[in-house]
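Following: one structure in structure tokens, then a few remarks.
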Amino acid sequence: MKKTKEFNNILNDCLERLLVKGETIEQCLQSYPEHAAEIEPLLQTAMATKKAVAIQPQPEFKARARYQFQSALQEAKPKRALPFFSWQPQWAVAIAVVLVVLLAGGGTVTAAGYSMPDSPLYAVKLATEQVQLTLTPSDIGKAELHARLADRRVAEIVYIANKGKPKQIEQIAQRLNKHLAMIASLSLVEKGVEREMPVLAPAPQQVEEGAEAVPAPANAKAKLKRLLRRNEVNHPAVLRALLEKAPESAKPALRRAIAASEANYQKALEALD
Amino acid sequence: MQNEQSLVHRAQRGDKKAFAQLYESHFDKIYRYVVLRIGNKTEAEDVTQQVFLKALQSIRSFKWKGIPFSAWLFRIAHNLVVDYLRKVKKVVITPLDESSVKSDSNPQLLVEQRLDIEQLISATKRLTRAQREVISLRFAGELSVAESAKVMGKSEGAVKALQHSAIVALRKALLRAEG
């Protein structure tokens with residue numbers, strides 16, 4: 001037993017010298033001549049196994065994974081308290097949120113924030129997003145939230161494409177297009193152009209007739225522009241990379257999403273300039 | 001280590017840049033470890049992504065108690081690999097392509113290296129799970145014996161013994177593959 005333990009220590013010492021210090025097999029054998037015959041074949045196998053360090057992730061996968069991780073990282077910010085009075089015009093929705101939290105538990109809503117479209121909690125995630133949109137008072141704030149949600153949808157498309165579920169890609173791409181259309185529409189409102197409500201888009205908050213648009217603070221506008229510029233570059237690039245590998249049935253939806261992202265980000269940025 | 005400790009503390013306080021740095025410095029090693037454990041490139045990609053999403057969710061629970069951050073990440077990877085292997089009955093080994101192997105520009109060497117690695121992945125399938133785990137941690141993850149012991153929940157002596165038996169078994173498997 002003691003002999004085996006001693007041999008394990010010698011083998012490990014040689015491995016450290018080969019793997020970490022870059023010494024040769026011969027150098028190790030010189031240190032342990034009495035074990036040379038037994039240890040040499042094992043060190044040769046270790047050198048063959050060392051080739052595993054040459055395995056590397058493919059660049060396309062690395063880019064996709066980094067994008068998904070960055071999206072998750074952006075979403076992982078601490079939640080801010082909502083302004084008390086902002087909920088009043090949407091009291092019914094706010095009560096619904098309270099009910100969801102009470103019935104399902106706050107943990108469920110938090111966990112849902114990370115859920116992907118194939119998760120049972122995904123419906124909670126979408127419902128929470130709708131509530132967030134409804135409770136966001138300004139057009140510029142809504143546009144920013146739609147831009148962040150668009151980012152989530154792209155990350156979800158990447159995730160679902162990796163799972164090979166073309167039908168779901170189409171559904172998420174439709175949701176993405178709604179966000180994009182809303183971003184463009186809300187940015188035009190910010191500019192003072194009459195709102196063009198997109199056909200597909202849900203109306204999270206209708207502007208009351210006769211109500212005047214309050215100009216957004218410059219820093220909110222600048223923040224939105226930075227976000228849109230980032231999305232304008234990232235989203236079409238990520239979706240195009242997916243298009244090459246996607247199954248045929250998912251390609252039309254991805255093409256529509258690429259076209260929509262190119263057109264709507266440009267439209268929104270022009271309106272904000 | 002000092003630098004990594006500071007990065008981890010910042011990441012725990014919500015510093016996204018710090019977390020992004022940790023991600024970049026560990027991503028390739030975790031991927032290599034998962035590929036060698038699973039043998040299927042596509043599934044390994046999925047598991048690797050999950051490792052970092054899981055780490056993001058639970059970074060606040062990480063405590064410095066003699067366990068390096070890398071060992072904690074590999075522990076997450078180990079658990080996800082175990083879950084994956086429990087779900088699938090038979091792992092299908094997928095061939096690697098040239099872009100999955102780091103090499104200089106010599107195409108001949110690149111092909112040879114890819115074949116060697118594929119042979120190695122196939123040979124590891126003949127090892128026990130614990131032996132494959134120690135080989136993956138030591139050679140693909142580049143962890144020390146001490147770190148591997150933390151990930152595996154074993155003593156350093158047990159890991160050294162396992163390492164010995166794993167290399168002996170791997171040698172036999174590689175010789176058999178060569179015919």
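The way I read the labels, and the way they are meant: chains A, B, ... in the order of the structure tokens, residue 1 as the first residue of every chain, and ligand 1 as the first ligand shown, with later ones counted on from there.
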Residues of chain A within 9 Å of chain B, counting only C-alpha atoms - could you list those as JSON, numbers by chain? {"A": [4, 5, 7, 8, 9, 11, 12, 16, 19, 20, 41, 42, 43, 44, 45, 46, 48, 49, 50, 51, 52, 53, 54, 55, 56, 57, 58, 59, 61, 62, 65, 66, 68, 69, 70, 72, 73, 74, 76, 77, 78, 114, 159, 162, 163]}
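Rounded to one decimal, CA of Trp64 in chain B and CA of Val8 in chain B lie 9.5 Å from each other.
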For Ile25 in chain A, work out the shell of residues within 9 Å, counting only C-alpha atoms and skipping chain neighbours fewer than 5 positions away, then give it as a PyMOL selection string. chain A and resi 14+17-18+30+40+43-44+47
Would you mind exporting the chosen residues as a compact mmCIF listing (two decimals), in the first residue's frame, restricted to N, CA and C atoms?
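What landed in out.txt:
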```
# COMPACT_ATOMS: atom_id res chain seq x y z
N CYS A 14 6.00 13.81 -11.70
CA CYS A 14 6.42 13.82 -13.11
C CYS A 14 5.37 14.52 -13.99
N ARG A 17 5.61 18.18 -13.68
CA ARG A 17 6.79 18.68 -14.40
C ARG A 17 6.56 18.70 -15.91
N LEU A 18 5.85 17.68 -16.41
CA LEU A 18 5.56 17.62 -17.85
C LEU A 18 4.51 18.66 -18.24
N GLN A 30 15.21 10.68 -15.26
CA GLN A 30 16.53 10.82 -14.60
C GLN A 30 16.37 11.01 -13.09
N GLU A 40 7.73 5.28 -17.56
CA GLU A 40 7.88 5.84 -18.91
C GLU A 40 6.62 5.67 -19.78
N LEU A 43 3.96 8.08 -18.79
CA LEU A 43 4.23 9.48 -19.16
C LEU A 43 4.01 9.69 -20.67
N GLN A 44 4.28 8.66 -21.45
CA GLN A 44 4.01 8.77 -22.89
C GLN A 44 2.50 8.93 -23.12
N MET A 47 1.52 12.40 -22.26
CA MET A 47 1.85 13.37 -23.30
C MET A 47 0.80 13.34 -24.42
```
